[in-house]
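Enquirer: Input start11.cif, format and content: mmCIF, C-alpha atoms.
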```cif
data_coords
#
loop_
_atom_site.group_PDB
_atom_site.id
_atom_site.type_symbol
_atom_site.label_atom_id
_atom_site.label_comp_id
_atom_site.auth_asym_id
_atom_site.auth_seq_id
_atom_site.Cartn_x
_atom_site.Cartn_y
_atom_site.Cartn_z
ATOM 1 C CA MET A 83 8.658 32.531 -9.829
ATOM 2 C CA LEU A 84 6.928 30.414 -7.227
ATOM 3 C CA MET A 85 7.127 26.715 -7.903
ATOM 4 C CA ALA A 86 4.543 24.172 -6.893
ATOM 5 C CA HIS A 87 5.618 21.370 -4.599
ATOM 6 C CA PRO A 88 6.502 18.212 -6.554
ATOM 7 C CA ALA A 89 3.724 16.272 -4.793
ATOM 8 C CA VAL A 90 1.173 18.822 -6.020
ATOM 9 C CA LEU A 91 2.507 18.681 -9.580
ATOM 10 C CA ASN A 92 2.540 14.894 -9.527
ATOM 11 C CA ASP A 93 -1.061 14.787 -8.299
ATOM 12 C CA LEU A 94 -2.211 17.226 -10.998
ATOM 13 C CA VAL A 95 -0.450 15.279 -13.757
ATOM 14 C CA GLU A 96 -1.905 11.981 -12.549
ATOM 15 C CA GLN A 97 -5.415 13.443 -12.289
ATOM 16 C CA TYR A 98 -5.204 14.989 -15.746
ATOM 17 C CA GLU A 99 -3.958 11.769 -17.344
ATOM 18 C CA ALA A 100 -6.665 9.710 -15.612
ATOM 19 C CA LEU A 101 -9.373 12.129 -16.724
ATOM 20 C CA ARG A 102 -8.000 12.227 -20.269
ATOM 21 C CA SER A 103 -8.324 8.440 -20.336
ATOM 22 C CA VAL A 104 -11.868 8.559 -18.960
ATOM 23 C CA HIS A 105 -12.796 11.361 -21.354
ATOM 24 C CA ALA A 106 -11.531 9.309 -24.302
ATOM 25 C CA GLU A 107 -13.733 6.387 -23.270
ATOM 26 C CA THR A 108 -16.865 8.168 -22.068
ATOM 27 C CA SER A 109 -17.068 11.863 -22.702
ATOM 28 C CA THR A 110 -19.245 13.373 -19.985
ATOM 29 C CA PRO A 111 -19.671 17.087 -19.319
ATOM 30 C CA GLU A 112 -18.513 16.591 -15.720
ATOM 31 C CA ALA A 113 -15.299 14.824 -16.787
ATOM 32 C CA ARG A 114 -14.623 17.536 -19.376
ATOM 33 C CA ARG A 115 -15.135 20.337 -16.811
ATOM 34 C CA ARG A 116 -12.852 18.632 -14.305
ATOM 35 C CA MET A 117 -10.245 18.081 -17.007
ATOM 36 C CA ASP A 118 -10.447 21.760 -17.989
ATOM 37 C CA ASP A 119 -10.078 22.798 -14.327
ATOM 38 C CA ILE A 120 -6.987 20.650 -13.863
ATOM 39 C CA ALA A 121 -5.522 21.840 -17.180
ATOM 40 C CA TYR A 122 -5.979 25.448 -16.035
ATOM 41 C CA THR A 123 -4.356 24.697 -12.671
ATOM 42 C CA LEU A 124 -1.435 22.963 -14.376
ATOM 43 C CA CYS A 125 -0.924 25.981 -16.623
ATOM 44 C CA VAL A 126 -1.009 28.390 -13.688
ATOM 45 C CA THR A 127 1.352 26.316 -11.553
ATOM 46 C CA THR A 128 3.871 25.888 -14.381
ATOM 47 C CA GLY A 129 3.616 29.378 -15.890
ATOM 48 C CA THR A 130 2.454 28.096 -19.274
ATOM 49 C CA ARG A 131 -0.573 28.755 -21.458
ATOM 50 C CA ASP A 132 -1.059 25.368 -23.070
ATOM 51 C CA VAL A 133 -1.851 22.098 -21.319
ATOM 52 C CA GLU A 134 0.717 20.117 -23.309
ATOM 53 C CA ALA A 135 3.419 22.649 -22.382
ATOM 54 C CA ALA A 136 2.203 22.536 -18.778
ATOM 55 C CA LEU A 137 2.452 18.746 -18.696
ATOM 56 C CA ALA A 138 5.963 18.878 -20.169
ATOM 57 C CA ALA A 139 7.043 21.534 -17.651
ATOM 58 C CA ALA A 140 5.524 19.617 -14.740
ATOM 59 C CA ARG A 141 7.229 16.386 -15.787
ATOM 60 C CA SER A 142 10.539 18.203 -16.166
ATOM 61 C CA ARG A 143 10.230 19.701 -12.692
ATOM 62 C CA LEU A 144 9.357 16.300 -11.259
ATOM 63 C CA VAL A 145 12.519 14.821 -12.787
ATOM 64 C CA GLU A 146 14.563 17.699 -11.323
ATOM 65 C CA ALA A 147 12.957 17.176 -7.915
ATOM 66 C CA ARG A 148 13.865 13.468 -7.973
ATOM 67 C CA ARG A 149 17.492 14.347 -8.718
ATOM 68 C CA GLY A 150 17.628 16.615 -5.682
ATOM 69 C CA PRO A 151 19.123 20.064 -5.261
ATOM 70 C CA LEU A 152 22.321 20.984 -7.023
ATOM 71 C CA LEU A 153 25.209 21.544 -4.678
ATOM 72 C CA PRO A 154 27.367 24.640 -5.161
ATOM 73 C CA SER A 155 30.874 23.992 -6.483
#
```
Write out the structure in this file as structure tokens.

Expert:
Amino acid sequence: MLMAHPAVLNDLVEQYEALRSVHAETSTPEARRRMDDIAYTLCVTTGTRDVEAALAAARSRLVEARRGPLLPS
């Protein structure tokens, strides 16, 4: 499976969280569409079908990326 670059995942997560905050305060059709677009992209890039699962997968991959590659024993 292809994996998105950590910078891309981080950007998508940050955008989604910012839009979720904006949507909670002022629900506009434009904010909702953008949120839906980012949710779809997160699902595609993480191989999930639900935005909450996509966020969890993205965060997990970001933690793994910060740890660095595992070295063979």

Enquirer: Taking all atoms listed in the file into account, which of A:His87, A:Val95, A:Ala139, A:Glu107 comes nearest A:Ala121?

Expert: A:Val95

Enquirer: Using the chain letters and numbers from this file, what does the PyMOL selection byres ((chain A and resi 117) around 9) select? Give the answer as a list in words.

Expert: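 Applied to this file, the PyMOL selection byres ((chain A and resi 117) around 9) returns Gln97, Tyr98, Glu99, Leu101, Arg102, His105, Glu112, Ala113, Arg114, Arg115, Arg116, Asp118, Asp119, Ile120, Ala121 and Tyr122 of chain A.
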
Enquirer: Got a sec: who's within 12 Å of stretch 140-142 of chain A, counting all atoms listed in the file, leaving out chain neighbours fewer than 2 positions off, as a PyMOL selection string?

Expert: chain A and resi 85-96+98+121+123-130+133-138+144-149

Enquirer: Let me know the centre plus edge lengths, in Å and rounded to one decimal, of a box with edges along x, y and z that contains all listed atoms of stretch 114-125 of chain A and is padded by 8 Å on every side, as lines of an AutoDock Vina configuration file.

Expert:
```
center_x = -8.0
center_y = 21.8
center_z = -16.0
size_x = 30.2
size_y = 24.4
size_z = 22.7
```

Enquirer: Supply stretch 130-154 of chain A as a compact mmCIF listing (two decimals), in the coordinates of the input, with N, CA and C atoms built in where the input has gaps.

Expert:
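In the end it all went to part11.txt:
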```
# COMPACT_ATOMS: atom_id res chain seq x y z
N THR A 130 2.63 28.33 -17.84
CA THR A 130 2.45 28.10 -19.27
C THR A 130 1.03 28.46 -19.67
N ARG A 131 0.77 28.42 -20.97
CA ARG A 131 -0.57 28.76 -21.46
C ARG A 131 -1.25 27.61 -22.20
N ASP A 132 -0.55 26.50 -22.32
CA ASP A 132 -1.06 25.37 -23.07
C ASP A 132 -0.89 24.11 -22.22
N VAL A 133 -1.90 23.26 -22.21
CA VAL A 133 -1.85 22.10 -21.32
C VAL A 133 -0.70 21.15 -21.67
N GLU A 134 -0.40 21.00 -22.95
CA GLU A 134 0.72 20.12 -23.31
C GLU A 134 2.04 20.69 -22.81
N ALA A 135 2.21 22.00 -22.91
CA ALA A 135 3.42 22.65 -22.38
C ALA A 135 3.45 22.54 -20.86
N ALA A 136 2.29 22.65 -20.24
CA ALA A 136 2.20 22.54 -18.78
C ALA A 136 2.58 21.13 -18.32
N LEU A 137 2.10 20.13 -19.03
CA LEU A 137 2.45 18.75 -18.70
C LEU A 137 3.95 18.51 -18.86
N ALA A 138 4.52 19.04 -19.94
CA ALA A 138 5.96 18.88 -20.17
C ALA A 138 6.76 19.58 -19.07
N ALA A 139 6.35 20.79 -18.70
CA ALA A 139 7.04 21.53 -17.65
C ALA A 139 6.92 20.82 -16.31
N ALA A 140 5.74 20.32 -16.01
CA ALA A 140 5.52 19.62 -14.74
C ALA A 140 6.38 18.36 -14.68
N ARG A 141 6.41 17.61 -15.76
CA ARG A 141 7.23 16.39 -15.79
C ARG A 141 8.71 16.71 -15.65
N SER A 142 9.14 17.78 -16.27
CA SER A 142 10.54 18.20 -16.17
C SER A 142 10.88 18.58 -14.73
N ARG A 143 10.00 19.31 -14.08
CA ARG A 143 10.23 19.70 -12.69
C ARG A 143 10.21 18.49 -11.76
N LEU A 144 9.39 17.51 -12.07
CA LEU A 144 9.36 16.30 -11.26
C LEU A 144 10.67 15.53 -11.38
N VAL A 145 11.23 15.48 -12.60
CA VAL A 145 12.52 14.82 -12.79
C VAL A 145 13.59 15.57 -11.99
N GLU A 146 13.59 16.89 -12.07
CA GLU A 146 14.56 17.70 -11.32
C GLU A 146 14.42 17.46 -9.82
N ALA A 147 13.20 17.38 -9.35
CA ALA A 147 12.96 17.18 -7.92
C ALA A 147 13.48 15.81 -7.47
N ARG A 148 13.37 14.81 -8.32
CA ARG A 148 13.86 13.47 -7.97
C ARG A 148 15.39 13.44 -7.90
N ARG A 149 16.03 14.27 -8.73
CA ARG A 149 17.49 14.35 -8.72
C ARG A 149 18.01 15.01 -7.45
N GLY A 150 17.20 15.90 -6.89
CA GLY A 150 17.63 16.61 -5.68
C GLY A 150 18.27 17.94 -6.04
N PRO A 151 18.54 18.74 -5.02
CA PRO A 151 19.12 20.06 -5.26
C PRO A 151 20.57 19.96 -5.74
N LEU A 152 20.93 20.92 -6.57
CA LEU A 152 22.32 20.98 -7.02
C LEU A 152 23.16 21.60 -5.93
N LEU A 153 24.30 21.04 -5.70
CA LEU A 153 25.21 21.54 -4.68
C LEU A 153 26.15 22.56 -5.31
N PRO A 154 26.44 23.66 -4.61
CA PRO A 154 27.37 24.64 -5.16
C PRO A 154 28.78 24.07 -5.28
```
